[in-house]
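Student: Following this message is one structure expressed as structure tokens.
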Amino acid sequence: MSFTILIWPSSSMGGGLDSIQRTVTTVETETIFSWAFAESDEFTGTLTERRVILFLVQTPGSLPDGLESVSPGLYFGEDIWARNQQVIGAVVENGELPEPLADLLEEAYNTQVHRYVYGSFVNTQMSSPERLDSLGALGFTIDVPKAYATHIWRPDDGFIQYQRVAGEECLLMLSIRFFPPSAELTDSSAIAVREAMARRFFFDASADSVDRSRVTVSGITFGGMPGISLTGMWRNPEYLNAGAFTARVLDSGERWYIMDMEVYNPGREKEPYLREGWVMMDTFREGSGNVGN
């Protein structure tokens with residue numbers, strides 16, 4: 001699943017969109033947004049087939065009906081021509097795009113991924129009440145759709161893993177590790193516990209390591225818990241392979257939680273699958289309460 005945004009009209013804005021492009025770096029640096037351009041008199045498709053449309057205009061009066069102002073120069077509307085469609089309008093002044101446009105586009109992307117994971121774009125999308133209940137008995141919940149099969153269930157060791165085969169050579173592994181803390185949560189300790197988790201629990205991964213030169217680390221707060229977010233590259237010199245991962249390490253005081261999405265998709269994009277992991281991680285709750293979509 002790629003995230004392509006239709007730009008209409010194009011208005012010679014191709015180069016001007018570089019300022020709102022975003023990237024994720026793992027094995028390689030991948031751009032997040034893809035653009036498809038169309039002038040209003042050239043567009044031959046149908047607006048009902050587009051999930052995200054960005055209108056670049058000189059004045060707000062050139063925007064279609066149904067969009068509402070969300071910040072200076074930015075307008076937003078949903079379900080304008082089709083269900084689950086998002087339409088954004090941006091007023092271009094002196095060749096400059098409104099500063100919050102990139103944030104709004106990424107919010108639209110996250111919404112579309114959420115609908116893909118939990119909604120009509122995946123046949124096996126339904127959440128499993130039994131799965132939520134079984135996790136709730138362990139002191140937390142995370143909404144893992146049925147498309148992910150339970151691969152490892154070792155709650156006595158504080159580890160659970162779900163897997164989804166997303167293509168002929170594409171494997172996604174969502175892992176959850178929970179254990180009493182034994183150190184202060186820092187950037188270094190977060191990388192170390194993620195690495196230790198992979199070496200102990202992942203198949204044939206005793207030589208796995210996190211590439212320190214290709215990992216992005218940032219502090220986060222989630223559900224009232226301080227944490228560390230990691231995104232980068234794992235490698236295994238024993239098998240000469242590597243891939244992408246993203247993880248959140250949270251400190252509840254009584255426990256550390258690691259939520260980790262590892263992607264094996266050699267020679268192909270990783271970013272959409274990392275974002276799929278982020279969407280599922282966003283449903284994490286400590287305690288036994290179920291989460292909603």
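By order of appearance in the structure tokens: chains A, B, ..., then residues from 1 within every chain, and ligands from 1 in the order shown.
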When you look at Ser229 (chain A) with a cut-off of 8 Å (counting only C-alpha atoms), what residues show up, excluding the ones that are within fewer than 3 positions of it in the same chain? I need them as a PyMOL selection string.

Tutor: chain A and resi 216-220+246-249

Student: Pick out the residues sitting within 12 Å of Leu230 (chain A), and hand them over as a ChimeraX atom specification; count only C-alpha atoms, and ignore anything fewer than 2 positions along from it in its own chain.

Tutor: /A:24-26,186-195,210-212,214-220,227-228,232-234,244-250,258-262,274,278

Student: Run DSSP on the backbone and grab whatever in region 180-220 of chain A lands in alpha helix (DSSP H); send it over as a CSV table (one decimal) with all heavy atoms, in the first residue's frame.

Tutor:
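To be explicit, this is the file written out as part02.csv:
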chain,number,residue,atom,x,y,z
A,187,ASP,N,18.4,6.4,26.0
A,187,ASP,CA,18.6,6.0,24.6
A,187,ASP,C,19.4,4.7,24.5
A,187,ASP,O,19.0,3.8,23.8
A,187,ASP,CB,19.3,7.1,23.8
A,187,ASP,CG,18.5,8.4,23.7
A,187,ASP,OD1,17.3,8.4,24.3
A,187,ASP,OD2,19.0,9.4,23.1
A,188,SER,N,20.5,4.6,25.2
A,188,SER,CA,21.3,3.5,25.1
A,188,SER,C,20.7,2.2,25.6
A,188,SER,O,20.7,1.1,25.0
A,188,SER,CB,22.7,3.7,25.8
A,188,SER,OG,23.4,4.8,25.2
A,189,SER,N,20.0,2.3,26.8
A,189,SER,CA,19.3,1.2,27.4
A,189,SER,C,18.2,0.7,26.5
A,189,SER,O,17.9,-0.5,26.5
A,189,SER,CB,18.9,1.4,28.8
A,189,SER,OG,17.9,2.4,28.9
A,190,ALA,N,17.5,1.6,25.9
A,190,ALA,CA,16.3,1.3,25.0
A,190,ALA,C,16.8,0.4,23.8
A,190,ALA,O,16.3,-0.6,23.5
A,190,ALA,CB,15.6,2.5,24.5
A,191,ILE,N,18.0,0.9,23.2
A,191,ILE,CA,18.5,0.1,22.1
A,191,ILE,C,19.0,-1.2,22.6
A,191,ILE,O,18.8,-2.3,21.9
A,191,ILE,CB,19.7,0.9,21.5
A,191,ILE,CG1,19.2,2.2,20.8
A,191,ILE,CG2,20.5,0.0,20.5
A,191,ILE,CD1,20.3,3.1,20.3
A,192,ALA,N,19.6,-1.3,23.8
A,192,ALA,CA,20.1,-2.5,24.3
A,192,ALA,C,19.0,-3.6,24.6
A,192,ALA,O,19.2,-4.7,24.3
A,192,ALA,CB,21.0,-2.3,25.6
A,193,VAL,N,17.9,-3.1,25.2
A,193,VAL,CA,16.9,-4.1,25.5
A,193,VAL,C,16.1,-4.6,24.2
A,193,VAL,O,15.7,-5.7,24.2
A,193,VAL,CB,15.9,-3.5,26.5
A,193,VAL,CG1,16.5,-3.3,27.9
A,193,VAL,CG2,15.1,-2.3,26.1
A,194,ARG,N,16.0,-3.7,23.2
A,194,ARG,CA,15.4,-4.1,22.0
A,194,ARG,C,16.3,-5.2,21.3
A,194,ARG,O,15.9,-6.2,20.8
A,194,ARG,CB,15.3,-2.9,21.1
A,194,ARG,CG,14.4,-3.2,19.8
A,194,ARG,CD,15.1,-3.8,18.7
A,194,ARG,NE,14.2,-4.4,17.7
A,194,ARG,CZ,14.6,-5.1,16.7
A,194,ARG,NH1,15.9,-5.5,16.5
A,194,ARG,NH2,13.7,-5.6,15.9
A,195,GLU,N,17.6,-4.9,21.3
A,195,GLU,CA,18.6,-5.9,20.8
A,195,GLU,C,18.6,-7.2,21.5
A,195,GLU,O,18.6,-8.3,20.9
A,195,GLU,CB,20.0,-5.2,20.9
A,195,GLU,CG,21.0,-5.9,20.0
A,195,GLU,CD,22.3,-5.0,20.0
A,195,GLU,OE1,22.9,-4.8,21.1
A,195,GLU,OE2,22.6,-4.5,18.9
A,196,ALA,N,18.5,-7.1,22.8
A,196,ALA,CA,18.5,-8.4,23.7
A,196,ALA,C,17.2,-9.2,23.4
A,196,ALA,O,17.2,-10.4,23.4
A,196,ALA,CB,18.6,-8.0,25.1
A,197,MET,N,16.1,-8.5,23.2
A,197,MET,CA,14.8,-9.1,22.9
A,197,MET,C,14.9,-9.9,21.6
A,197,MET,O,14.5,-11.1,21.5
A,197,MET,CB,13.7,-8.1,22.8
A,197,MET,CG,12.3,-8.7,22.4
A,197,MET,SD,11.1,-7.4,22.0
A,197,MET,CE,11.7,-6.7,20.5
A,198,ALA,N,15.5,-9.3,20.6
A,198,ALA,CA,15.6,-10.0,19.3
A,198,ALA,C,16.5,-11.2,19.4
A,198,ALA,O,16.2,-12.3,18.9
A,198,ALA,CB,16.1,-9.0,18.2
A,199,ARG,N,17.6,-11.1,20.1
A,199,ARG,CA,18.6,-12.2,20.2
A,199,ARG,C,18.0,-13.3,21.0
A,199,ARG,O,18.3,-14.5,20.7
A,199,ARG,CB,19.8,-11.7,20.9
A,199,ARG,CG,20.7,-10.7,20.0
A,199,ARG,CD,21.9,-10.2,20.8
A,199,ARG,NE,22.7,-9.4,19.9
A,199,ARG,CZ,23.8,-8.7,20.3
A,199,ARG,NH1,24.1,-8.7,21.6
A,199,ARG,NH2,24.5,-8.0,19.4
A,200,ARG,N,17.2,-13.0,22.0
A,200,ARG,CA,16.6,-14.1,22.8
A,200,ARG,C,15.4,-14.8,22.2
A,200,ARG,O,15.3,-16.0,22.3
A,200,ARG,CB,16.3,-13.6,24.2
A,200,ARG,CG,15.6,-14.6,25.1
A,200,ARG,CD,15.3,-14.0,26.5
A,200,ARG,NE,14.6,-15.0,27.3
A,200,ARG,CZ,14.1,-14.8,28.5
A,200,ARG,NH1,14.3,-13.5,29.0
A,200,ARG,NH2,13.5,-15.7,29.2
A,201,PHE,N,14.5,-14.0,21.6
A,201,PHE,CA,13.2,-14.6,21.2
A,201,PHE,C,13.0,-14.8,19.7
A,201,PHE,O,12.2,-15.6,19.3
A,201,PHE,CB,12.1,-13.7,21.7
A,201,PHE,CG,12.0,-13.7,23.2
A,201,PHE,CD1,12.5,-12.6,23.9
A,201,PHE,CD2,11.5,-14.7,23.9
A,201,PHE,CE1,12.4,-12.5,25.3
A,201,PHE,CE2,11.4,-14.7,25.3
A,201,PHE,CZ,11.8,-13.6,26.0

Student: Just to confirm, what's the straight-line distance from CA of Glu106 (chain A) to CA of Ala36 (chain A) in Å (one decimal)?

Tutor: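 CA of Ala36 (chain A) lies 16.3 Å from CA of Glu106 (chain A).
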
Student: Find the residues of region 132-168 of chain A that sit at most 12 Å from region 110-120 of chain A; for each, write down the nearest two atoms and how far apart they are in Å, to one decimal. Count only C-alpha atoms. Sort by chain, then by number going up, and give it as JSON lines.

Tutor:
{"residue": "A:Asp143", "atom": "CA", "partner": "A:Tyr118", "partner_atom": "CA", "distance": 9.2}
{"residue": "A:Val144", "atom": "CA", "partner": "A:Tyr118", "partner_atom": "CA", "distance": 9.1}
{"residue": "A:Pro145", "atom": "CA", "partner": "A:Tyr118", "partner_atom": "CA", "distance": 6.8}
{"residue": "A:Lys146", "atom": "CA", "partner": "A:Tyr118", "partner_atom": "CA", "distance": 9.4}
{"residue": "A:Ala147", "atom": "CA", "partner": "A:Val117", "partner_atom": "CA", "distance": 8.6}
{"residue": "A:Tyr148", "atom": "CA", "partner": "A:Val117", "partner_atom": "CA", "distance": 10.3}
{"residue": "A:Arg164", "atom": "CA", "partner": "A:Val117", "partner_atom": "CA", "distance": 11.7}

Student: DSSP on the backbone: what in region 112-226 of chain A comes out strand (DSSP E or B), as a PyMOL selection string?

Tutor: chain A and resi 140-141+149-154+159-167+170-179+209-222+225-226

Student: Nearest to Pro64 (chain A) among A:Glu78, A:Glu168, A:Glu238, A:Asp156, with distances taken over only C-alpha atoms: which residue is it?

Tutor: A:Glu78

Student: Please provide as a VMD selection string all residues within 9 Å of Phe284 (chain A), with the sequence filter that same-chain residues fewer than 5 positions apart are discarded (counting only C-alpha atoms).

Tutor: chain A and resid 140 to 143 223 259 291

Student: Using only C-alpha atoms, pick whichever of A:Val91, A:Leu172, A:Leu185, A:Ala149 has the shortest atom-to-atom distance to Pro272 (chain A).

Tutor: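 Closest residue, counting only C-alpha atoms: A:Leu172.
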
Student: Find the residue from A:Thr59, A:Leu138, A:Tyr109, A:Asp103 that sits nearest to Ser34 (chain A); use only C-alpha atoms when measuring.

Tutor: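 Ranking A:Thr59, A:Leu138, A:Tyr109, A:Asp103 by distance to Ser34 (chain A), first place goes to A:Tyr109.
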
Student: Quote the spacing between CA of Gly167 (chain A) and CA of Tyr264 (chain A) in Å to one decimal place.

Tutor: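 Result for CA of Gly167 (chain A) versus CA of Tyr264 (chain A): 10.2 Å, one decimal.
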